$ cat run.cif   # mmCIF, C-alpha atoms
data_target
loop_
_atom_site.label_atom_id
_atom_site.label_comp_id
_atom_site.auth_asym_id
_atom_site.auth_seq_id
_atom_site.Cartn_x
_atom_site.Cartn_y
_atom_site.Cartn_z
CA MET A 17 21.52 14.36 -12.70
CA GLU A 18 24.92 15.48 -13.98
CA ASN A 19 26.11 14.99 -10.44
CA SER A 20 29.02 12.61 -10.06
CA ALA A 21 27.28 10.70 -7.27
CA PHE A 22 24.59 9.57 -9.70
CA ARG A 23 25.45 6.40 -11.57
CA SER A 24 23.22 4.86 -14.17
CA GLN A 25 22.05 1.37 -13.28
CA ARG A 26 21.14 0.55 -16.87
CA LYS A 27 23.35 -2.54 -17.05
CA TRP A 28 21.73 -3.99 -13.96
CA ASN A 29 18.36 -3.13 -15.43
CA ILE A 30 19.06 -5.07 -18.64
CA GLY A 31 20.27 -8.00 -16.56
CA PHE A 32 17.15 -7.91 -14.42
CA ILE A 33 14.86 -7.77 -17.45
CA LEU A 34 16.62 -10.85 -18.83
CA PHE A 35 16.18 -12.58 -15.48
CA LEU A 36 12.46 -11.71 -15.37
CA THR A 37 11.95 -12.88 -18.95
CA LEU A 38 13.69 -16.16 -18.20
CA LEU A 39 11.67 -16.64 -15.03
CA LEU A 40 8.39 -16.01 -16.84
CA ALA A 41 9.42 -18.24 -19.76
CA LEU A 42 10.21 -21.05 -17.34
CA LEU A 43 6.95 -20.54 -15.48
CA SER A 44 4.98 -20.56 -18.72
CA GLN A 45 6.22 -24.10 -19.34
CA ILE A 46 4.56 -25.14 -16.11
CA SER A 47 1.40 -23.06 -16.16
CA ILE A 48 0.16 -20.26 -18.41
CA HIS A 49 -2.34 -19.28 -15.73
CA LEU A 50 0.36 -18.68 -13.11
CA THR A 51 2.48 -16.80 -15.65
CA LEU A 52 -0.40 -14.42 -16.30
CA ILE A 53 -0.88 -13.97 -12.55
CA MET A 54 2.81 -13.23 -12.12
CA VAL A 55 2.75 -10.67 -14.95
CA LEU A 56 -0.19 -8.98 -13.22
CA GLY A 57 1.69 -9.07 -9.91
CA ILE A 58 4.76 -7.47 -11.46
CA SER A 59 2.59 -4.80 -13.09
CA LEU A 60 0.86 -4.06 -9.79
CA GLY A 61 4.20 -3.70 -8.02
CA PHE A 62 5.58 -1.53 -10.80
CA VAL A 63 2.59 0.81 -10.85
CA LEU A 64 2.36 1.03 -7.05
CA GLN A 65 6.01 2.06 -6.84
CA LYS A 66 5.98 4.42 -9.83
CA SER A 67 2.89 6.31 -8.71
CA ARG A 68 4.04 6.25 -5.05
CA PHE A 69 0.63 4.84 -4.22
CA CYS A 70 0.35 4.13 -0.54
CA LEU A 71 -2.83 3.00 1.15
CA VAL A 72 -1.44 3.97 4.54
CA SER A 73 -0.89 7.49 3.37
CA ALA A 74 -4.42 7.57 1.92
CA LEU A 75 -5.95 6.69 5.28
CA ARG A 76 -3.53 8.44 7.61
CA ASP A 77 -2.59 11.73 5.97
CA PRO A 78 -6.03 13.36 6.20
CA ILE A 79 -5.66 13.11 9.96
CA LEU A 80 -1.96 13.64 10.43
CA VAL A 81 -1.02 16.27 7.85
CA GLY A 82 -4.32 17.30 6.29
CA MET A 83 -3.48 16.12 2.78
CA THR A 84 -6.14 14.19 0.88
CA GLN A 85 -4.76 13.95 -2.66
CA LEU A 86 -3.92 10.27 -2.21
CA THR A 87 -7.19 9.65 -0.36
CA ARG A 88 -9.09 10.93 -3.37
CA ALA A 89 -7.00 8.78 -5.70
CA PHE A 90 -7.85 5.81 -3.51
CA LEU A 91 -11.57 6.66 -3.71
CA LEU A 92 -11.19 6.73 -7.50
CA LEU A 93 -9.55 3.29 -7.37
CA LEU A 94 -12.45 2.05 -5.23
CA GLY A 95 -14.99 3.44 -7.68
CA ILE A 96 -13.32 1.81 -10.69
CA SER A 97 -13.03 -1.48 -8.81
CA ILE A 98 -16.68 -1.48 -7.70
CA LEU A 99 -17.96 -0.93 -11.24
CA GLY A 100 -15.47 -3.40 -12.72
CA PHE A 101 -16.23 -6.09 -10.15
CA ALA A 102 -19.96 -5.66 -10.73
CA LEU A 103 -19.51 -6.03 -14.48
CA VAL A 104 -17.21 -9.05 -14.16
CA SER A 105 -19.34 -10.89 -11.61
CA TRP A 106 -22.52 -10.15 -13.60
CA SER A 107 -21.06 -11.47 -16.85
CA ALA A 108 -19.54 -14.46 -15.04
CA ALA A 109 -23.02 -15.30 -13.70
CA GLN A 110 -24.45 -15.03 -17.24
CA ARG A 111 -21.94 -17.57 -18.52
CA ASN A 112 -22.04 -19.79 -15.43
CA ILE A 113 -18.37 -19.23 -14.69
CA PRO A 114 -17.58 -19.82 -11.04
CA LEU A 115 -16.25 -16.66 -9.42
CA SER A 116 -15.79 -15.92 -5.75
CA LEU A 117 -15.91 -12.39 -4.38
CA ASN A 118 -14.61 -11.27 -1.02
CA ILE A 119 -17.83 -11.55 0.96
CA PHE A 120 -16.51 -12.32 4.41
CA PRO A 121 -18.44 -12.97 7.62
CA PHE A 122 -18.27 -10.16 10.12
CA GLY A 123 -18.34 -9.78 13.85
CA VAL A 124 -16.56 -8.06 16.70
CA HIS A 125 -13.27 -9.40 15.34
CA THR A 126 -13.75 -7.46 12.08
CA VAL A 127 -13.75 -4.21 14.04
CA VAL A 128 -10.94 -5.25 16.41
CA GLY A 129 -8.90 -6.54 13.48
CA GLY A 130 -9.41 -3.32 11.56
CA LEU A 131 -8.36 -1.22 14.53
CA LEU A 132 -5.21 -3.30 15.14
CA PHE A 133 -4.43 -3.29 11.43
CA GLY A 134 -4.83 0.49 11.27
CA ILE A 135 -2.54 1.07 14.25
CA GLY A 136 0.00 -1.44 12.94
CA MET A 137 0.24 -0.02 9.45
CA VAL A 138 0.95 3.49 10.69
CA LEU A 139 3.67 2.20 13.04
CA ALA A 140 5.24 -0.10 10.44
CA GLY A 141 5.22 2.51 7.67
CA GLY A 142 3.23 0.45 5.19
CA CYS A 143 0.31 -1.92 4.95
CA SER A 144 0.96 -5.48 3.83
CA THR A 145 1.13 -4.42 0.19
CA GLY A 146 3.22 -1.38 1.03
CA ILE A 147 5.65 -3.51 2.97
CA LEU A 148 6.28 -5.75 -0.04
CA ILE A 149 6.75 -2.70 -2.26
CA ARG A 150 9.21 -1.13 0.17
CA ILE A 151 11.19 -4.34 0.55
CA GLY A 152 11.50 -4.23 -3.23
CA GLU A 153 12.76 -0.66 -2.89
CA GLY A 154 15.42 -1.84 -0.47
CA PHE A 155 14.16 -0.75 2.95
CA ALA A 156 15.46 -2.74 5.89
CA MET A 157 12.76 -1.38 8.19
CA GLN A 158 9.96 -3.01 6.22
CA LEU A 159 11.88 -6.29 6.20
CA VAL A 160 11.52 -6.28 9.98
CA ALA A 161 7.87 -5.35 9.59
CA PHE A 162 7.44 -8.26 7.18
CA PHE A 163 8.79 -10.66 9.80
CA GLY A 164 6.31 -9.24 12.30
CA LEU A 165 3.51 -9.51 9.75
CA ALA A 166 4.30 -13.16 9.06
CA VAL A 167 4.35 -14.09 12.75
CA GLY A 168 1.31 -11.98 13.53
CA SER A 169 -0.71 -13.48 10.70
CA VAL A 170 -0.18 -17.02 12.02
CA LEU A 171 -1.20 -15.91 15.51
CA GLY A 172 -4.27 -14.20 14.06
CA GLU A 173 -5.31 -17.10 11.85
CA ARG A 174 -5.08 -19.48 14.80
CA SER A 175 -7.12 -17.31 17.15
CA VAL A 176 -9.92 -16.15 14.85
CA LYS A 177 -12.03 -19.16 15.91
CA LYS A 178 -11.79 -18.05 19.52
CA TRP A 179 -12.98 -14.57 18.59
CA SER A 180 -15.95 -15.81 16.62
CA ASN A 181 -16.90 -18.29 19.35
CA ALA A 182 -16.67 -15.70 22.10
CA PHE A 183 -18.44 -12.79 20.41
CA GLY A 184 -20.39 -14.40 17.62
CA GLU A 185 -20.14 -14.04 13.90
CA TRP A 186 -22.66 -13.10 11.25
CA PRO A 187 -22.55 -14.29 7.65
CA GLY A 188 -21.26 -11.73 5.17
CA ILE A 189 -23.86 -9.54 3.54
CA PHE A 190 -23.66 -9.12 -0.21
CA LEU A 191 -25.38 -5.78 -0.67
CA PRO A 192 -26.94 -6.52 -4.10
CA ASP A 193 -28.76 -9.48 -2.49
CA ILE A 194 -30.71 -7.10 -0.29
CA LEU A 195 -30.90 -3.94 -2.35
CA GLY A 196 -30.51 -5.21 -5.90
CA TRP A 197 -27.60 -4.43 -8.22
CA VAL A 198 -28.57 -0.98 -9.48
CA PRO A 199 -29.47 0.61 -6.11
CA THR A 200 -26.31 -0.85 -4.55
CA LEU A 201 -24.07 0.62 -7.22
CA ILE A 202 -25.83 3.98 -7.09
CA LEU A 203 -25.58 4.03 -3.30
CA GLU A 204 -21.89 3.10 -3.32
CA ILE A 205 -20.98 5.65 -5.97
CA ILE A 206 -22.89 8.33 -4.06
CA ALA A 207 -21.06 7.37 -0.86
CA LEU A 208 -17.68 7.55 -2.62
CA SER A 209 -18.49 10.91 -4.24
CA ALA A 210 -19.60 12.29 -0.88
CA LEU A 211 -16.33 11.13 0.67
CA TRP A 212 -14.46 12.66 -2.27
CA GLN A 213 -16.16 16.01 -1.74
CA TRP A 214 -15.49 15.82 1.97
CA ALA A 215 -11.82 15.03 1.36
CA ARG A 216 -11.48 18.01 -0.96
CA TRP A 217 -13.16 20.30 1.52
CA TRP A 218 -11.01 18.92 4.36
CA GLN A 219 -7.74 19.60 2.56
CA LYS A 220 -8.82 23.16 1.71
CA LYS A 221 -9.77 23.73 5.32
CA GLN A 222 -6.48 22.31 6.61
CA LEU A 223 -4.36 24.33 4.20
CA GLY A 224 -6.35 27.49 4.76
CA GLU A 225 -5.21 27.73 8.34
CA MET B 1 17.14 35.14 3.08
CA THR B 2 18.55 32.39 5.24
CA ARG B 3 19.04 28.73 4.51
CA PHE B 4 17.84 26.25 7.08
CA ALA B 5 18.27 22.52 7.09
CA ILE B 6 16.65 19.83 9.17
CA ASP B 7 17.74 16.26 9.50
CA ILE B 8 15.09 13.89 8.20
CA TRP B 9 17.54 11.22 7.08
CA GLY B 10 16.12 7.75 7.61
CA GLU B 11 12.89 8.97 9.19
CA MET B 12 9.67 7.16 8.40
CA CYS B 13 6.78 8.81 6.57
CA PRO B 14 5.20 11.23 7.54
CA ILE B 15 7.60 12.40 10.26
CA PRO B 16 9.74 14.43 7.78
CA LEU B 17 6.70 16.41 6.66
CA ILE B 18 5.59 17.06 10.25
CA LYS B 19 9.09 18.26 11.14
CA ALA B 20 9.26 20.44 8.05
CA LYS B 21 5.89 22.01 8.84
CA LYS B 22 7.05 22.81 12.35
CA LYS B 23 10.32 24.30 11.10
CA LEU B 24 8.55 26.44 8.51
CA LEU B 25 6.51 28.13 11.23
CA SER B 26 9.69 29.56 12.74
CA MET B 27 11.04 30.78 9.42
CA GLN B 28 10.73 34.17 7.73
CA CYS B 29 9.28 34.76 4.28
CA GLY B 30 11.92 34.11 1.62
CA ASP B 31 13.88 31.66 3.75
CA ILE B 32 14.85 28.34 2.26
CA LEU B 33 14.48 24.95 3.91
CA VAL B 34 16.82 22.22 2.72
CA LEU B 35 15.84 18.58 3.12
CA GLU B 36 17.45 15.37 2.01
CA THR B 37 15.81 11.95 1.97
CA GLU B 38 16.30 8.52 0.46
CA HIS B 39 12.61 7.68 0.65
CA SER B 40 10.77 8.11 -2.66
CA CYS B 41 7.35 8.51 -1.04
CA THR B 42 8.60 11.04 1.51
CA SER B 43 10.09 13.21 -1.19
CA ARG B 44 6.92 12.94 -3.28
CA GLY B 45 4.71 13.67 -0.28
CA ILE B 46 6.61 16.83 0.59
CA VAL B 47 6.55 18.07 -3.01
CA VAL B 48 2.79 17.48 -3.27
CA TRP B 49 2.22 19.20 0.05
CA ALA B 50 4.38 22.19 -0.86
CA LYS B 51 2.63 22.61 -4.20
CA ALA B 52 -0.78 22.46 -2.54
CA ASN B 53 0.46 25.21 -0.22
CA ARG B 54 1.80 27.23 -3.19
CA TYR B 55 5.35 27.19 -1.87
CA THR B 56 8.20 27.04 -4.35
CA ILE B 57 9.94 23.68 -4.21
CA GLU B 58 12.79 22.20 -6.17
CA GLU B 59 13.37 18.48 -6.21
CA LYS B 60 16.68 17.10 -7.41
CA GLU B 61 18.07 13.61 -7.43
CA VAL B 62 21.61 14.04 -6.19
CA ALA B 63 22.57 10.37 -6.11
CA ASN B 64 20.89 7.06 -6.83
CA GLY B 65 17.69 7.13 -4.84
CA ILE B 66 18.53 10.23 -2.83
CA TRP B 67 16.42 13.32 -3.23
CA HIS B 68 17.49 16.84 -2.33
CA LEU B 69 14.64 19.26 -1.70
CA GLU B 70 14.77 23.04 -1.45
CA LEU B 71 11.61 24.66 -0.23
CA THR B 72 11.23 28.42 -0.34
CA LYS B 73 8.77 29.93 2.07
CA THR B 74 7.18 32.34 -0.36
CA HIS B 75 4.38 33.48 1.93
CA GLU B 76 3.11 33.12 5.46
CA MET C 22 7.81 12.55 -26.87
CA LYS C 23 11.18 11.74 -25.37
CA LYS C 24 10.23 13.73 -22.32
CA THR C 25 7.00 11.76 -21.89
CA LEU C 26 8.90 8.48 -22.11
CA GLN C 27 11.38 9.82 -19.58
CA THR C 28 8.54 10.63 -17.16
CA ILE C 29 6.99 7.19 -17.64
CA ILE C 30 10.26 5.44 -16.92
CA HIS C 31 11.54 7.75 -14.25
CA GLY C 32 8.32 8.73 -12.54
CA PRO C 33 6.75 9.68 -10.28
CA TRP C 34 3.36 9.32 -11.91
CA ALA C 35 0.41 11.36 -10.74
CA TYR C 36 -1.69 9.64 -8.07
CA TRP C 37 -4.81 9.51 -10.23
CA VAL C 38 -2.90 7.88 -13.09
CA GLY C 39 -1.78 5.20 -10.65
CA ALA C 40 -5.35 4.81 -9.37
CA ILE C 41 -6.78 4.22 -12.85
CA ILE C 42 -4.11 1.68 -13.87
CA LEU C 43 -4.35 -0.10 -10.52
CA GLY C 44 -8.13 -0.26 -10.91
CA VAL C 45 -7.80 -1.93 -14.31
CA LEU C 46 -5.14 -4.35 -13.02
CA ASN C 47 -7.29 -5.16 -9.99
CA ILE C 48 -10.18 -6.10 -12.30
CA LEU C 49 -7.84 -8.15 -14.50
CA VAL C 50 -6.65 -10.09 -11.45
CA LEU C 51 -10.28 -10.90 -10.64
CA ILE C 52 -10.87 -12.13 -14.20
CA VAL C 53 -7.74 -14.28 -14.40
CA ARG C 54 -7.75 -15.56 -10.84
CA ARG C 55 -11.55 -15.83 -10.48
CA GLN C 56 -10.98 -14.45 -7.04
CA PRO C 57 -9.95 -10.92 -5.97
CA TRP C 58 -6.41 -9.84 -5.24
CA GLY C 59 -5.24 -10.51 -1.68
CA VAL C 60 -1.92 -10.39 0.09
CA THR C 61 -1.81 -11.65 3.68
CA LEU C 62 -3.42 -15.10 3.40
CA ASN C 63 -0.58 -16.33 1.22
CA ILE C 64 2.04 -14.90 3.58
CA GLU C 65 0.28 -16.68 6.44
CA ASN C 66 0.30 -19.98 4.57
CA TRP C 67 4.02 -19.75 3.84
CA THR C 68 4.74 -18.98 7.48
CA GLU C 69 2.67 -22.00 8.50
CA TRP C 70 4.78 -24.15 6.18
CA ILE C 71 8.08 -22.73 7.44
CA GLY C 72 6.93 -23.03 11.06
CA THR C 73 5.90 -26.64 10.53
CA ASN C 74 9.27 -27.50 9.03
CA LEU C 75 11.09 -25.81 11.88
CA GLY C 76 9.00 -27.84 14.30
CA ILE C 77 7.47 -24.77 15.97
CA LEU C 78 3.91 -25.14 14.66
CA ASN C 79 1.68 -28.17 14.42
CA ASP C 80 1.04 -29.27 10.85
CA ARG C 81 -1.95 -27.76 9.10
CA GLY C 82 -1.34 -29.52 5.83
CA PHE C 83 0.53 -26.91 3.81
CA THR C 84 2.92 -28.49 1.33
CA PHE C 85 5.63 -26.87 -0.76
CA GLN C 86 3.98 -28.12 -3.95
CA GLY C 87 0.64 -26.75 -2.85
CA LEU C 88 2.09 -23.34 -2.07
CA MET C 89 4.03 -23.17 -5.31
CA ALA C 90 0.80 -23.84 -7.19
CA ALA C 91 -1.07 -21.10 -5.29
CA SER C 92 -1.71 -17.94 -7.31
CA GLY C 93 -1.17 -15.75 -4.25
CA THR C 94 2.49 -16.73 -4.17
CA TYR C 95 3.04 -15.32 -7.65
CA LEU C 96 1.10 -12.16 -6.92
CA ASN C 97 3.23 -11.42 -3.87
CA LEU C 98 6.47 -12.38 -5.59
CA GLY C 99 5.43 -10.24 -8.55
CA LEU C 100 4.73 -7.24 -6.28
CA LEU C 101 8.22 -7.50 -4.84
CA LEU C 102 9.99 -7.95 -8.18
CA GLY C 103 7.83 -5.31 -9.84
CA ALA C 104 8.64 -2.73 -7.18
CA PHE C 105 12.33 -3.57 -7.40
CA TRP C 106 12.23 -3.27 -11.16
CA ALA C 107 10.41 0.07 -10.99
CA THR C 108 13.21 1.35 -8.74
CA LEU C 109 15.87 -0.11 -11.01
CA VAL C 110 14.61 1.42 -14.29
CA ALA C 111 14.88 4.82 -12.63
CA SER C 112 18.39 3.97 -11.33
CA GLN C 113 17.20 4.50 -7.75
CA VAL C 114 18.22 1.18 -6.25
CA ARG C 115 20.09 1.36 -2.99
CA PHE C 116 20.00 -0.43 0.32
CA ARG C 117 18.17 1.69 2.88
CA PRO C 118 19.16 0.58 6.38
CA ILE C 119 17.31 1.35 9.59
CA ARG C 120 18.81 4.57 10.90
CA ASP C 121 17.27 4.57 14.37
CA LYS C 122 16.57 1.81 16.85
CA LYS C 123 13.06 3.13 17.53
CA PHE C 124 12.05 2.30 13.97
CA PHE C 125 13.15 -1.29 14.42
CA PHE C 126 10.71 -1.70 17.28
CA SER C 127 7.92 0.27 15.68
CA ALA C 128 8.23 -1.86 12.54
CA LEU C 129 8.22 -5.09 14.53
CA ILE C 130 5.27 -4.14 16.72
CA GLY C 131 3.42 -2.61 13.80
CA GLY C 132 3.97 -5.72 11.71
CA LEU C 133 2.74 -8.02 14.48
CA LEU C 134 -0.40 -5.94 15.06
CA MET C 135 -1.04 -5.76 11.37
CA GLY C 136 -0.63 -9.48 10.78
CA TYR C 137 -2.87 -10.38 13.71
CA GLY C 138 -5.49 -7.80 12.77
CA ALA C 139 -5.51 -8.77 9.12
CA ARG C 140 -6.10 -12.44 9.83
CA ILE C 141 -8.84 -12.04 12.43
CA ALA C 142 -10.65 -9.71 10.02
CA TYR C 143 -10.05 -12.08 7.06
CA GLY C 144 -7.97 -9.66 5.05
CA CYS C 145 -5.69 -6.67 4.79
CA ASN C 146 -6.06 -3.29 3.14
CA VAL C 147 -6.26 -4.97 -0.24
CA GLY C 148 -8.21 -8.16 0.41
CA ALA C 149 -10.70 -6.85 2.95
CA LEU C 150 -10.83 -3.09 2.42
CA LEU C 151 -10.31 -2.42 -1.29
CA ASN C 152 -11.71 -5.68 -2.60
CA GLY C 153 -14.25 -6.09 0.20
CA ILE C 154 -15.80 -2.79 -0.82
CA ALA C 155 -15.29 -3.56 -4.51
CA SER C 156 -17.22 -6.82 -3.97
CA SER C 157 -20.11 -4.76 -2.54
CA SER C 158 -19.77 -6.55 0.77
CA LEU C 159 -20.99 -4.87 3.93
CA THR C 160 -17.98 -6.29 5.80
CA GLY C 161 -15.66 -4.25 3.58
CA TRP C 162 -17.29 -0.98 4.68
CA ILE C 163 -17.21 -1.98 8.37
CA PHE C 164 -13.55 -2.91 8.06
CA ALA C 165 -12.79 0.38 6.29
CA VAL C 166 -14.25 2.42 9.15
CA ALA C 167 -12.31 0.35 11.68
CA VAL C 168 -9.02 0.76 9.78
CA PHE C 169 -9.58 4.50 9.51
CA LEU C 170 -10.12 4.74 13.28
CA GLY C 171 -7.08 2.52 13.81
CA ALA C 172 -4.97 4.79 11.62
CA TRP C 173 -6.13 7.71 13.76
CA LEU C 174 -5.05 5.90 16.95
CA GLY C 175 -1.79 4.91 15.28
CA SER C 176 -1.15 8.54 14.36
CA LYS C 177 -1.56 9.51 18.03
CA LEU C 178 1.02 6.86 18.99
CA LEU C 179 3.35 8.02 16.21
CA LEU C 180 3.19 11.63 17.38
CA LYS C 181 3.81 10.55 20.96
CA TYR C 182 6.60 8.00 20.61
CA LEU C 183 8.28 8.28 17.24
CA ILE C 184 8.96 11.99 16.80
#
$ encode --input "run.cif" --output "structure tokens"
Amino acid sequence: MENSAFRSQRKWNIGFILFLTLLLALLSQISIHLTLIMVLGISLGFVLQKSRFCLVSALRDPILVGMTQLTRAFLLLLGISILGFALVSWSAAQRNIPLSLNIFPFGVHTVVGGLLFGIGMVLAGGCSTGILIRIGEGFAMQLVAFFGLAVGSVLGERSVKKWSNAFGEWPGIFLPDILGWVPTLILEIIALSALWQWARWWQKKQLGE
Amino acid sequence: MTRFAIDIWGEMCPIPLIKAKKKLLSMQCGDILVLETEHSCTSRGIVVWAKANRYTIEEKEVANGIWHLELTKTHE
Amino acid sequence: MKKTLQTIIHGPWAYWVGAIILGVLNILVLIVRRQPWGVTLNIENWTEWIGTNLGILNDRGFTFQGLMAASGTYLNLGLLLGAFWATLVASQVRFRPIRDKKFFFSALIGGLLMGYGARIAYGCNVGALLNGIASSSLTGWIFAVAVFLGAWLGSKLLLKYLI
């Protein structure tokens, strides 16, 4: 880092921190709730960039380069989230606090959408979260991808009715409703651990060649 | 001991790693592969991959947001 | 001690460290927002609003006030600012232009496919995959399998056209 081409951006950093503080202070005058949300958003962006966390890489690299380190980290994130969500939604139900989880209806369009999303994220070099992170990092390519994402999302939102009318749609299934909370959690954690073991085995196999 | 370099400048993840893997196949033991990228995730991905493969790798930030990588092919 | 601080500021952090902190933040978002973290729906709503004002799209009732009061707006804005800040504290900020025309088209096509796919499946990697599975919804698992297969197809295309 003694290299002459490297210039400290500390002054800009101090300026940006002042700007963020001002922005949050202003927002807190309007709504504390939104300020909290924004702080969480900034933290998410910060952590995603600092740990180079990339959901595309987690899903693509096992296939393309045989690396599963990020896949396993993603499985860990899933495990933490499952347990945390269960705890939060259980305690919210105890206190009668309204809380909505992402239980979406499914149908043919879920599968088609997933396939298109998977193809798109590999081509664009980031999923929708990754795109926002990379725009923050200064990539022009993901700015183009963001434009595509915005246009595509409107087209998708306006055609989802056609998909569900043509191929049908089934109401979302909340697994604890059928299996009960404890078996669901056990089943999910077993599934994640099995995937984790598989990912570890897969990377060893790929590197062993 | 020869130094090789491949151009991965501006390439999207994971193309640099795929190119590097291909190049490594044609290299002898002890040869060094030099890479330069401005993509934080690309640099990180290559370092993680090289370490998992037990290759020696040196990562250096030569300018703001530009990483210079030197990978030594220590074994086949 | 100084070295630890240097690593925290400069990064990169280990993947599993990121996973644990992201998991905690994801749960905190659920607690504060009373709804899981999502990304694309808010982007779609903003585009609807812009399109309506440009006269391209028919009005679906999105107002500027409504969008500014939506929590998704602040999550997405926060992601962008947070990522920029993370780059700035490490003095790694620079503009990274597109170096090859093929990446312009792959980004545009990829973005379009992604946006369309995300909205017909009611969510992206975060809203439908991560938080669908975290909500113990069967749809989340179905979507995850589909995205994985899609990533496999995308990898084939990448190997064929982009290398």
$ residues_around --input "run.cif" --residues "stretch 61-76 of chain C" --least-positions-apart "5" --cutoff "6 Å" --atoms "all atoms listed in the file" --output "list in words"
Ala166, Ser169 and Val170 of chain A; Phe83 and Gly93 of chain C
$ interface_residues --input "run.cif" --of "chain B" --to "chain A" --cutoff "12 Å" --atoms "all atoms listed in the file" --output "PyMOL selection string"
chain B and resi 10-22+38-55+59-68+76
$ resolve_selection --input "run.cif" --expression "the PyMOL selection byres ((chain B and resi 27-34) around 10)" --output "MDAnalysis selection string"
chainID B and resid 1:7 20 22:26 35:36 56:58 68:76
$ atom_distance --input "run.cif" --atom1 "atom CA of C:Gln113" --atom2 "atom CA of A:Pro78"
28.5 Å
$ closest_residue --input "run.cif" --among "A:Phe90, A:Phe62, A:Phe120, A:Trp179" --to "C:Ile141" --atoms "all atoms listed in the file"
A:Trp179
$ closest_atom_pairs --input "run.cif" --of "chain C" --to "chain B" --cutoff "7 Å" --atoms "only C-alpha atoms" --output "Markdown table"
| residue | atom | partner | partner_atom | distance |
| --- | --- | --- | --- | --- |
| C:Ser112 | CA | B:Asn64 | CA | 6.0 |
| C:Gln113 | CA | B:Gly65 | CA | 4.0 |
| C:Val114 | CA | B:Gly65 | CA | 6.1 |
| C:Arg115 | CA | B:Gly65 | CA | 6.5 |
| C:Ile119 | CA | B:Gly10 | CA | 6.8 |
| C:Arg120 | CA | B:Gly10 | CA | 5.3 |
| C:Ile184 | CA | B:Ile15 | CA | 6.7 |
$ atom_distance --input "run.cif" --atom1 "atom CA of A:Gly123" --atom2 "atom CA of A:Gly184"
6.3 Å
$ residues_around --input "run.cif" --residues "A:Leu171" --least-positions-apart "6" --cutoff "9 Å" --atoms "all atoms listed in the file" --output "PDB file with C-alpha atoms, keeping the file's coordinate frame"
ATOM      1  CA  LEU C 133       2.740  -8.020  14.480  1.00  0.00           C
ATOM      2  CA  GLY C 136      -0.630  -9.480  10.780  1.00  0.00           C
ATOM      3  CA  TYR C 137      -2.870 -10.380  13.710  1.00  0.00           C
ATOM      4  CA  ARG C 140      -6.100 -12.440   9.830  1.00  0.00           C
TER       5      ARG C 140
END
$ resolve_selection --input "run.cif" --expression "the PyMOL selection byres ((chain A and resi 105) around 12)" --output "ChimeraX atom specification"
/A:97-104,106-118,192,197 /C:48,51-52,55-57,155-157
$ write_last_selection --input "run.cif" --atoms "C-alpha atoms" --output "CSV table (one decimal), in the coordinates of the input"
chain,number,residue,atom,x,y,z
A,97,SER,CA,-13.0,-1.5,-8.8
A,98,ILE,CA,-16.7,-1.5,-7.7
A,99,LEU,CA,-18.0,-0.9,-11.2
A,100,GLY,CA,-15.5,-3.4,-12.7
A,101,PHE,CA,-16.2,-6.1,-10.2
A,102,ALA,CA,-20.0,-5.7,-10.7
A,103,LEU,CA,-19.5,-6.0,-14.5
A,104,VAL,CA,-17.2,-9.0,-14.2
A,106,TRP,CA,-22.5,-10.2,-13.6
A,107,SER,CA,-21.1,-11.5,-16.8
A,108,ALA,CA,-19.5,-14.5,-15.0
A,109,ALA,CA,-23.0,-15.3,-13.7
A,110,GLN,CA,-24.4,-15.0,-17.2
A,111,ARG,CA,-21.9,-17.6,-18.5
A,112,ASN,CA,-22.0,-19.8,-15.4
A,113,ILE,CA,-18.4,-19.2,-14.7
A,114,PRO,CA,-17.6,-19.8,-11.0
A,115,LEU,CA,-16.2,-16.7,-9.4
A,116,SER,CA,-15.8,-15.9,-5.8
A,117,LEU,CA,-15.9,-12.4,-4.4
A,118,ASN,CA,-14.6,-11.3,-1.0
A,192,PRO,CA,-26.9,-6.5,-4.1
A,197,TRP,CA,-27.6,-4.4,-8.2
C,48,ILE,CA,-10.2,-6.1,-12.3
C,51,LEU,CA,-10.3,-10.9,-10.6
C,52,ILE,CA,-10.9,-12.1,-14.2
C,55,ARG,CA,-11.6,-15.8,-10.5
C,56,GLN,CA,-11.0,-14.4,-7.0
C,57,PRO,CA,-10.0,-10.9,-6.0
C,155,ALA,CA,-15.3,-3.6,-4.5
C,156,SER,CA,-17.2,-6.8,-4.0
C,157,SER,CA,-20.1,-4.8,-2.5
$ resolve_selection --input "run.cif" --expression "the PyMOL selection byres ((chain A and resi 57) around 8)" --output "list in words"
Ile53, Met54, Val55, Leu56, Ile58, Ser59, Leu60 and Gly61 of chain A; Tyr95, Leu96, Asn97, Leu98, Gly99, Leu100 and Gly103 of chain C
$ atom_distance --input "run.cif" --atom1 "atom CA of C:Phe105" --atom2 "atom CA of A:Ile149"
7.6 Å
$ residues_around --input "run.cif" --residues "C:Ile30" --least-positions-apart "2" --cutoff "9 Å" --atoms "all atoms listed in the file" --output "list in words"
Lys66 of chain A; Thr25, Leu26, Gln27, Thr28, Gly32, Pro33, Ala107, Val110 and Ala111 of chain C
$ closest_residue --input "run.cif" --among "C:Gly44, C:Asp80, C:Leu183, C:Lys23" --to "chain A" --atoms "all atoms listed in the file"
C:Gly44
$ closest_residue --input "run.cif" --among "A:Leu93, A:Ala182, A:Leu34, A:Val198" --to "chain C" --atoms "all atoms listed in the file"
A:Leu93
